file model_30.tsv (TSV, C-alpha atoms)
chain	number	residue	atom	x	y	z
A	192	GLU	CA	-75.65	38.50	11.23
A	193	THR	CA	-75.28	34.85	10.28
A	194	GLY	CA	-76.82	35.07	6.83
A	195	VAL	CA	-79.42	32.48	7.82
A	196	THR	CA	-82.99	33.71	7.58
A	197	GLN	CA	-86.23	32.14	8.75
A	198	SER	CA	-89.86	32.85	8.01
A	199	PRO	CA	-92.28	33.64	9.37
A	200	THR	CA	-91.04	35.32	12.55
A	201	HIS	CA	-94.15	34.41	14.50
A	202	LEU	CA	-97.01	32.03	13.82
A	203	ILE	CA	-100.18	31.09	15.65
A	204	LYS	CA	-101.96	27.83	14.87
A	205	THR	CA	-104.62	25.72	16.50
A	206	ARG	CA	-104.29	22.16	17.68
A	207	GLY	CA	-104.57	19.62	14.89
A	208	GLN	CA	-103.47	21.99	12.14
A	209	GLN	CA	-100.37	21.65	9.99
A	210	VAL	CA	-97.55	24.17	9.71
A	211	THR	CA	-94.59	24.78	7.39
A	212	LEU	CA	-91.60	26.78	8.55
A	213	ARG	CA	-88.95	27.98	6.15
A	214	CYS	CA	-85.23	28.55	6.36
A	215	SER	CA	-82.76	30.05	3.94
A	216	SER	CA	-79.20	28.92	4.58
A	217	GLN	CA	-75.98	30.65	3.73
A	218	SER	CA	-74.99	30.12	0.14
A	219	GLY	CA	-72.78	27.07	-0.21
A	220	HIS	CA	-73.90	25.45	3.03
A	221	ASN	CA	-74.81	21.84	2.31
A	222	THR	CA	-76.07	20.98	5.78
A	223	VAL	CA	-79.10	22.28	7.63
A	224	SER	CA	-80.29	21.23	11.06
A	225	TRP	CA	-83.56	22.03	12.75
A	226	TYR	CA	-84.04	22.51	16.49
A	227	GLN	CA	-86.97	23.03	18.82
A	228	GLN	CA	-86.34	25.40	21.73
A	229	ALA	CA	-89.01	25.42	24.40
A	230	LEU	CA	-89.22	28.45	26.67
A	231	GLY	CA	-86.35	28.44	29.15
A	232	GLN	CA	-84.74	25.36	27.61
A	233	GLY	CA	-81.86	24.59	25.31
A	234	PRO	CA	-82.40	23.70	21.66
A	235	GLN	CA	-83.44	20.11	21.02
A	236	PHE	CA	-82.24	18.50	17.80
A	237	ILE	CA	-85.07	17.53	15.44
A	238	PHE	CA	-83.17	16.39	12.35
A	239	GLN	CA	-80.43	17.26	9.92
A	240	TYR	CA	-80.37	17.33	6.14
A	241	TYR	CA	-77.26	16.97	4.03
A	242	ARG	CA	-77.47	17.44	0.28
A	243	GLU	CA	-81.27	17.09	0.37
A	244	GLU	CA	-81.30	13.80	2.32
A	245	GLU	CA	-82.13	13.33	5.98
A	246	ASN	CA	-78.90	12.54	7.80
A	247	GLY	CA	-79.80	12.15	11.44
A	248	ARG	CA	-82.87	12.54	13.57
A	249	GLY	CA	-83.51	13.31	17.19
A	250	ASN	CA	-86.28	11.97	19.39
A	251	PHE	CA	-89.19	13.53	17.48
A	252	PRO	CA	-92.21	11.71	16.02
A	253	PRO	CA	-92.73	11.23	12.25
A	254	ARG	CA	-95.24	14.11	12.15
A	255	PHE	CA	-92.13	16.30	12.13
A	256	SER	CA	-90.73	16.15	8.62
A	257	GLY	CA	-88.44	18.22	6.48
A	258	LEU	CA	-87.20	19.06	3.05
A	259	GLN	CA	-83.99	20.60	1.77
A	260	PHE	CA	-83.80	22.18	-1.66
A	261	PRO	CA	-80.86	22.72	-4.04
A	262	ASN	CA	-81.09	26.51	-3.58
A	263	TYR	CA	-79.98	26.23	0.10
A	264	SER	CA	-83.50	26.64	1.43
A	265	SER	CA	-85.28	24.13	3.62
A	266	GLU	CA	-88.61	23.48	5.29
A	267	LEU	CA	-89.81	22.00	8.54
A	268	ASN	CA	-93.32	20.58	8.41
A	269	VAL	CA	-95.29	19.64	11.49
A	270	ASN	CA	-98.59	17.79	11.14
A	271	ALA	CA	-101.35	17.36	13.69
A	272	LEU	CA	-100.08	20.16	15.90
A	273	GLU	CA	-100.18	19.65	19.65
A	274	LEU	CA	-100.07	22.25	22.39
A	275	ASP	CA	-96.57	21.08	23.39
A	276	ASP	CA	-95.31	21.99	19.91
A	277	SER	CA	-95.38	25.63	20.99
A	278	ALA	CA	-91.73	26.69	20.88
A	279	LEU	CA	-89.06	28.60	19.03
A	280	TYR	CA	-87.93	26.64	15.98
A	281	LEU	CA	-84.37	27.26	14.90
A	282	CYS	CA	-82.56	26.22	11.78
A	283	ALA	CA	-78.79	26.12	11.57
A	284	SER	CA	-76.62	25.70	8.50
A	285	SER	CA	-73.02	24.65	8.09
A	286	PRO	CA	-70.71	24.30	5.09
A	287	ARG	CA	-70.37	20.54	5.31
A	288	LEU	CA	-71.73	17.69	7.33
A	289	ALA	CA	-71.72	18.93	10.91
A	290	GLY	CA	-68.92	16.62	12.01
A	291	GLY	CA	-68.02	18.78	14.92
A	292	THR	CA	-65.47	20.87	13.12
A	293	ASP	CA	-67.84	23.12	11.23
A	294	THR	CA	-69.56	26.02	12.90
A	295	GLN	CA	-73.33	25.93	12.82
A	296	TYR	CA	-74.87	29.28	11.93
A	297	PHE	CA	-78.26	29.74	13.49
A	298	GLY	CA	-81.15	31.75	12.17
A	299	PRO	CA	-83.26	33.95	14.47
A	300	GLY	CA	-86.00	31.36	14.72
A	301	THR	CA	-89.74	31.13	14.21
A	302	ARG	CA	-91.91	31.43	17.29
A	303	LEU	CA	-94.80	28.96	16.96
A	304	THR	CA	-97.77	29.18	19.29
A	305	VAL	CA	-100.35	26.37	19.24
A	306	LEU	CA	-103.71	27.20	20.80
B	196	GLN	CA	-83.13	12.39	29.62
B	197	GLN	CA	-80.84	15.40	29.74
B	198	GLN	CA	-77.55	14.39	28.11
B	199	VAL	CA	-75.79	17.60	29.15
B	200	LYS	CA	-76.46	19.15	32.53
B	201	GLN	CA	-75.76	22.85	32.95
B	202	SER	CA	-75.55	25.07	36.03
B	203	PRO	CA	-76.34	27.57	37.35
B	204	GLN	CA	-79.67	28.43	35.77
B	205	SER	CA	-79.00	32.12	36.31
B	206	LEU	CA	-76.00	34.18	37.29
B	207	ILE	CA	-75.50	37.80	38.31
B	208	VAL	CA	-71.98	39.22	38.19
B	209	GLN	CA	-70.55	42.67	38.75
B	210	LYS	CA	-68.83	44.38	35.85
B	211	GLY	CA	-65.19	43.32	35.77
B	212	GLY	CA	-65.87	40.09	37.62
B	213	ILE	CA	-65.48	36.49	36.47
B	214	SER	CA	-68.51	34.56	35.26
B	215	ILE	CA	-68.31	30.77	35.53
B	216	ILE	CA	-70.81	28.36	34.00
B	217	ASN	CA	-70.49	24.62	34.41
B	218	CYS	CA	-71.60	21.63	32.37
B	219	ALA	CA	-71.42	17.89	32.88
B	220	TYR	CA	-72.03	14.98	30.56
B	221	GLU	CA	-72.21	11.20	30.82
B	222	ASN	CA	-71.66	9.87	27.33
B	223	THR	CA	-67.97	9.40	26.56
B	224	ALA	CA	-68.78	9.24	22.84
B	225	PHE	CA	-69.07	13.02	22.76
B	226	ASP	CA	-66.08	14.49	20.96
B	227	TYR	CA	-66.75	18.20	20.56
B	228	PHE	CA	-67.96	20.70	23.14
B	229	PRO	CA	-69.09	24.16	21.98
B	230	TRP	CA	-70.50	27.06	23.95
B	231	TYR	CA	-73.17	29.27	22.44
B	232	GLN	CA	-74.31	32.77	23.33
B	233	GLN	CA	-77.91	33.78	22.68
B	234	PHE	CA	-79.37	37.27	22.89
B	235	PRO	CA	-83.14	37.83	23.06
B	236	GLY	CA	-84.76	37.49	19.66
B	237	LYS	CA	-81.65	35.96	18.11
B	238	GLY	CA	-80.47	32.45	17.41
B	239	PRO	CA	-77.52	30.99	19.35
B	240	ALA	CA	-74.08	32.02	18.11
B	241	LEU	CA	-70.93	29.97	18.58
B	242	LEU	CA	-68.67	31.51	21.19
B	243	ILE	CA	-65.85	29.01	21.70
B	244	ALA	CA	-65.42	25.27	21.41
B	245	ILE	CA	-63.05	22.53	22.59
B	246	ARG	CA	-62.19	18.93	21.84
B	247	PRO	CA	-61.57	16.42	24.65
B	248	ASP	CA	-57.88	16.05	23.88
B	249	VAL	CA	-57.28	19.60	25.18
B	250	SER	CA	-57.74	20.68	28.80
B	251	GLU	CA	-58.11	24.39	28.21
B	252	LYS	CA	-58.82	26.79	25.37
B	253	LYS	CA	-58.74	30.55	25.57
B	254	GLU	CA	-60.09	33.11	23.14
B	255	GLY	CA	-59.91	36.67	24.35
B	256	ARG	CA	-61.88	36.96	27.59
B	257	PHE	CA	-63.48	33.53	27.14
B	258	THR	CA	-61.89	30.31	28.40
B	259	ILE	CA	-63.12	26.73	28.34
B	260	SER	CA	-61.73	24.38	30.98
B	261	PHE	CA	-62.21	20.71	30.22
B	262	ASN	CA	-61.87	17.80	32.66
B	263	LYS	CA	-62.17	14.58	30.70
B	264	SER	CA	-61.93	12.23	33.69
B	265	ALA	CA	-64.69	14.09	35.53
B	266	LYS	CA	-66.72	14.55	32.33
B	267	GLN	CA	-67.12	18.21	33.08
B	268	PHE	CA	-66.37	21.42	31.26
B	269	SER	CA	-66.85	25.04	32.12
B	270	LEU	CA	-66.91	28.48	30.55
B	271	HIS	CA	-65.07	31.32	32.24
B	272	ILE	CA	-65.75	34.90	31.18
B	273	MET	CA	-63.05	37.19	32.47
B	274	ASP	CA	-63.61	40.92	33.02
B	275	SER	CA	-67.35	40.45	32.46
B	276	GLN	CA	-69.08	43.36	30.74
B	277	PRO	CA	-72.74	44.42	30.58
B	278	GLY	CA	-72.68	43.50	26.88
B	279	ASP	CA	-72.02	39.90	27.92
B	280	SER	CA	-75.51	39.74	29.44
B	281	ALA	CA	-77.15	36.92	27.50
B	282	THR	CA	-78.12	33.27	27.79
B	283	TYR	CA	-75.26	30.80	27.44
B	284	PHE	CA	-75.64	27.20	26.34
B	285	CYS	CA	-73.10	24.45	26.50
B	286	ALA	CA	-73.44	21.62	24.02
B	287	ALA	CA	-71.89	18.28	23.21
B	288	PHE	CA	-71.62	16.63	19.84
B	289	ARG	CA	-71.35	13.04	18.72
B	290	GLY	CA	-70.96	12.13	15.11
B	291	ASP	CA	-71.61	8.42	15.39
B	292	THR	CA	-75.38	8.69	15.81
B	293	GLY	CA	-76.90	11.22	13.46
B	294	ASN	CA	-74.42	14.06	13.88
B	295	GLN	CA	-76.40	15.39	16.77
B	296	PHE	CA	-75.70	18.30	19.09
B	297	TYR	CA	-77.06	18.00	22.63
B	298	PHE	CA	-77.59	21.31	24.41
B	299	GLY	CA	-77.67	22.18	28.08
B	300	THR	CA	-80.65	24.01	29.54
B	301	GLY	CA	-78.94	27.40	29.46
B	302	THR	CA	-77.63	29.97	31.93
B	303	SER	CA	-79.00	33.49	31.98
B	304	LEU	CA	-76.09	35.83	32.73
B	305	THR	CA	-76.65	39.38	33.93
B	306	VAL	CA	-73.64	41.65	34.31
B	307	ILE	CA	-74.37	44.62	36.53
B	308	PRO	CA	-72.56	47.89	35.70

call {"tool": "encode", "arguments": {"input": "model_30.tsv", "output": "structure tokens"}}
result
Amino acid sequence: ETGVTQSPTHLIKTRGQQVTLRCSSQSGHNTVSWYQQALGQGPQFIFQYYREEENGRGNFPPRFSGLQFPNYSSELNVNALELDDSALYLCASSPRLAGGTDTQYFGPGTRLTVL
Amino acid sequence: QQQVKQSPQSLIVQKGGISIINCAYENTAFDYFPWYQQFPGKGPALLIAIRPDVSEKKEGRFTISFNKSAKQFSLHIMDSQPGDSATYFCAAFRGDTGNQFYFGTGTSLTVIP
């Protein structure tokens, strides 16, 4: 086990609603990244937080937002849900800024279904 | 636009055989190339990784071969075992634009006993 936990495991929402997904990183990990993994695809980078500040963002619209807290937990918020937002959402933590030398430890993910 | 292209999509190998998964990239700014293993219901887990200044890296039964001039890299699993059955993702990292990892589309490996 990686020590990274995510909640909830599964979630069903309807189009237009808002959702908050939660991640608890390993203690001491200053960096958390969020990914969207559509069925049969590789993870797509949403954004990364380092010491509670956004430090990089992939090609996702502003309705995807995040927060990182001092207690090594973080949130992914998605507003105005669309059907295409249905996916597995993964968070990954690492001890320092993910400069390529630090292993990212992934959580098991939250499966979001938008109806 | 897929920054990292991975093949094959699926692979079936006999126990004891060699599994080979290939990836290609275009952007020469990438400077770190990890491989991840993902079992159903779990997040990806780092398997092995390489930097472009090295042509090969071996860890146990897993080897990465890296061809910088061709912008290709591959994962070789020697003596494949049924427990290796999983989805494998290659990835590429660049730190100059947002510390972003780009993942391939994945290869579903099945090792038949």

call {"tool": "residues_around", "arguments": {"input": "model_30.tsv", "residues": "segment 265-268 of chain A", "least_positions_apart": "6", "cutoff": "6 Å", "atoms": "all atoms listed in the file", "output": "list in words"}}
result
Val210, Thr211, Leu212, Arg213, Cys214, Phe255, Ser256, Gly257, Leu258 and Gln259 of chain A

call {"tool": "interface_residues", "arguments": {"input": "model_30.tsv", "of": "chain B", "to": "chain A", "cutoff": "7 Å", "atoms": "all atoms listed in the file", "output": "list of chain:residue names"}}
result
B:Tyr227, B:Gly236, B:Lys237, B:Gly238, B:Pro239, B:Ala240, B:Phe284, B:Phe288, B:Gly290, B:Gly293, B:Asn294, B:Gln295, B:Phe296, B:Tyr297, B:Phe298, B:Gly299, B:Thr300, B:Gly301

call {"tool": "atom_distance", "arguments": {"input": "model_30.tsv", "atom1": "atom CA of Phe225 of chain B", "atom2": "atom CA of Lys252 of chain B"}}
result
17.4 Å

call {"tool": "residues_around", "arguments": {"input": "model_30.tsv", "residues": "segment 206-221 of chain B", "least_positions_apart": "6", "cutoff": "9 Å", "atoms": "all atoms listed in the file", "output": "VMD selection string"}}
result
chain B and resid 197 to 200 265 to 277 283 285 to 287 299 302 to 308

call {"tool": "atom_distance", "arguments": {"input": "model_30.tsv", "atom1": "atom CA of Gln232 of chain B", "atom2": "atom CA of Glu254 of chain B"}}
result
14.2 Å

call {"tool": "atom_distance", "arguments": {"input": "model_30.tsv", "atom1": "atom CA of Arg287 of chain A", "atom2": "atom CA of Gln217 of chain A"}}
result
11.7 Å

call {"tool": "closest_residue", "arguments": {"input": "model_30.tsv", "among": "A:Leu274, A:Ser284, A:Val269, A:Pro252", "to": "Ser218 of chain A", "atoms": "all atoms listed in the file"}}
result
A:Ser284

call {"tool": "axis_aligned_box", "arguments": {"input": "model_30.tsv", "around": "segment 251-270 of chain A", "padding_each_side": "3 Å", "output": "lines of an AutoDock Vina configuration file"}}
result
center_x = -89.3
center_y = 18.9
center_z = 6.7
size_x = 24.6
size_y = 21.4
size_z = 27.5

call {"tool": "closest_residue", "arguments": {"input": "model_30.tsv", "among": "A:Gln208, A:Asn270, A:Ser216, A:Gln227", "to": "Thr196 of chain A", "atoms": "all atoms listed in the file"}}
result
A:Ser216

call {"tool": "closest_residue", "arguments": {"input": "model_30.tsv", "among": "B:Pro229, B:Gly278, B:Pro203, B:Pro235", "to": "Pro247 of chain B", "atoms": "only C-alpha atoms"}}
result
B:Pro229

call {"tool": "build_atoms", "arguments": {"input": "model_30.tsv", "residues": "segment 240-265 of chain A", "atoms": "N, CA, C and O atoms", "output": "mmCIF file, keeping the file's coordinate frame"}}
result
data_model
loop_
_atom_site.group_PDB
_atom_site.id
_atom_site.type_symbol
_atom_site.label_atom_id
_atom_site.label_comp_id
_atom_site.auth_asym_id
_atom_site.auth_seq_id
_atom_site.Cartn_x
_atom_site.Cartn_y
_atom_site.Cartn_z
ATOM 1 N N TYR A 240 -80.380 17.679 7.548
ATOM 2 C CA TYR A 240 -80.370 17.330 6.140
ATOM 3 C C TYR A 240 -79.017 17.685 5.544
ATOM 4 O O TYR A 240 -78.447 18.745 5.826
ATOM 5 N N TYR A 241 -78.528 16.763 4.722
ATOM 6 C CA TYR A 241 -77.260 16.970 4.030
ATOM 7 C C TYR A 241 -77.490 16.657 2.570
ATOM 8 O O TYR A 241 -77.899 15.531 2.230
ATOM 9 N N ARG A 242 -77.261 17.624 1.719
ATOM 10 C CA ARG A 242 -77.470 17.440 0.280
ATOM 11 C C ARG A 242 -78.827 16.818 -0.006
ATOM 12 O O ARG A 242 -78.938 15.829 -0.740
ATOM 13 N N GLU A 243 -79.849 17.387 0.618
ATOM 14 C CA GLU A 243 -81.270 17.090 0.370
ATOM 15 C C GLU A 243 -81.721 15.732 0.910
ATOM 16 O O GLU A 243 -82.850 15.308 0.633
ATOM 17 N N GLU A 244 -80.888 15.072 1.716
ATOM 18 C CA GLU A 244 -81.300 13.800 2.320
ATOM 19 C C GLU A 244 -81.215 13.930 3.839
ATOM 20 O O GLU A 244 -80.287 14.565 4.369
ATOM 21 N N GLU A 245 -82.180 13.310 4.520
ATOM 22 C CA GLU A 245 -82.130 13.330 5.980
ATOM 23 C C GLU A 245 -80.908 12.538 6.442
ATOM 24 O O GLU A 245 -80.678 11.406 6.023
ATOM 25 N N ASN A 246 -80.161 13.136 7.351
ATOM 26 C CA ASN A 246 -78.900 12.540 7.800
ATOM 27 C C ASN A 246 -78.794 12.587 9.311
ATOM 28 O O ASN A 246 -77.822 13.045 9.854
ATOM 29 N N GLY A 247 -79.799 12.145 9.985
ATOM 30 C CA GLY A 247 -79.800 12.150 11.440
ATOM 31 C C GLY A 247 -81.087 12.724 11.963
ATOM 32 O O GLY A 247 -81.621 13.692 11.407
ATOM 33 N N ARG A 248 -81.599 12.122 13.020
ATOM 34 C CA ARG A 248 -82.870 12.540 13.570
ATOM 35 C C ARG A 248 -82.844 12.399 15.083
ATOM 36 O O ARG A 248 -82.294 11.422 15.607
ATOM 37 N N GLY A 249 -83.395 13.376 15.744
ATOM 38 C CA GLY A 249 -83.510 13.310 17.190
ATOM 39 C C GLY A 249 -84.784 12.577 17.584
ATOM 40 O O GLY A 249 -85.442 11.942 16.767
ATOM 41 N N ASN A 250 -85.146 12.704 18.837
ATOM 42 C CA ASN A 250 -86.280 11.970 19.390
ATOM 43 C C ASN A 250 -87.597 12.725 19.139
ATOM 44 O O ASN A 250 -88.256 13.185 20.067
ATOM 45 N N PHE A 251 -87.944 12.853 17.866
ATOM 46 C CA PHE A 251 -89.190 13.530 17.480
ATOM 47 C C PHE A 251 -90.016 12.577 16.630
ATOM 48 O O PHE A 251 -89.472 11.816 15.837
ATOM 49 N N PRO A 252 -91.350 12.634 16.762
ATOM 50 C CA PRO A 252 -92.210 11.710 16.020
ATOM 51 C C PRO A 252 -92.225 12.019 14.530
ATOM 52 O O PRO A 252 -91.834 13.113 14.103
ATOM 53 N N PRO A 253 -92.723 11.076 13.721
ATOM 54 C CA PRO A 253 -92.730 11.230 12.250
ATOM 55 C C PRO A 253 -93.569 12.413 11.774
ATOM 56 O O PRO A 253 -93.406 12.841 10.619
ATOM 57 N N ARG A 254 -94.452 12.966 12.614
ATOM 58 C CA ARG A 254 -95.240 14.110 12.150
ATOM 59 C C ARG A 254 -94.361 15.357 11.973
ATOM 60 O O ARG A 254 -94.819 16.358 11.429
ATOM 61 N N PHE A 255 -93.125 15.276 12.437
ATOM 62 C CA PHE A 255 -92.130 16.300 12.130
ATOM 63 C C PHE A 255 -91.346 15.820 10.912
ATOM 64 O O PHE A 255 -90.695 14.759 10.965
ATOM 65 N N SER A 256 -91.432 16.557 9.823
ATOM 66 C CA SER A 256 -90.730 16.150 8.620
ATOM 67 C C SER A 256 -90.071 17.372 7.983
ATOM 68 O O SER A 256 -90.404 18.511 8.320
ATOM 69 N N GLY A 257 -89.164 17.106 7.063
ATOM 70 C CA GLY A 257 -88.440 18.220 6.480
ATOM 71 C C GLY A 257 -88.116 18.005 5.022
ATOM 72 O O GLY A 257 -88.282 16.905 4.467
ATOM 73 N N LEU A 258 -87.682 19.087 4.416
ATOM 74 C CA LEU A 258 -87.200 19.060 3.050
ATOM 75 C C LEU A 258 -86.035 20.026 2.940
ATOM 76 O O LEU A 258 -86.035 21.076 3.590
ATOM 77 N N GLN A 259 -85.075 19.675 2.097
ATOM 78 C CA GLN A 259 -83.990 20.600 1.770
ATOM 79 C C GLN A 259 -83.929 20.711 0.264
ATOM 80 O O GLN A 259 -84.029 19.707 -0.444
ATOM 81 N N PHE A 260 -83.769 21.928 -0.219
ATOM 82 C CA PHE A 260 -83.800 22.180 -1.660
ATOM 83 C C PHE A 260 -82.422 22.567 -2.174
ATOM 84 O O PHE A 260 -81.576 23.043 -1.406
ATOM 85 N N PRO A 261 -82.189 22.419 -3.483
ATOM 86 C CA PRO A 261 -80.860 22.720 -4.040
ATOM 87 C C PRO A 261 -80.450 24.183 -3.874
ATOM 88 O O PRO A 261 -79.270 24.509 -3.964
ATOM 89 N N ASN A 262 -81.414 25.074 -3.670
ATOM 90 C CA ASN A 262 -81.090 26.510 -3.580
ATOM 91 C C ASN A 262 -80.761 26.931 -2.154
ATOM 92 O O ASN A 262 -80.853 28.117 -1.826
ATOM 93 N N TYR A 263 -80.381 25.972 -1.286
ATOM 94 C CA TYR A 263 -79.980 26.230 0.100
ATOM 95 C C TYR A 263 -81.150 26.649 0.984
ATOM 96 O O TYR A 263 -80.947 27.201 2.066
ATOM 97 N N SER A 264 -82.362 26.408 0.556
ATOM 98 C CA SER A 264 -83.500 26.640 1.430
ATOM 99 C C SER A 264 -84.010 25.309 1.948
ATOM 100 O O SER A 264 -83.713 24.247 1.390
ATOM 101 N N SER A 265 -84.746 25.354 3.036
ATOM 102 C CA SER A 265 -85.280 24.130 3.620
ATOM 103 C C SER A 265 -86.600 24.425 4.319
ATOM 104 O O SER A 265 -86.939 25.589 4.553
#
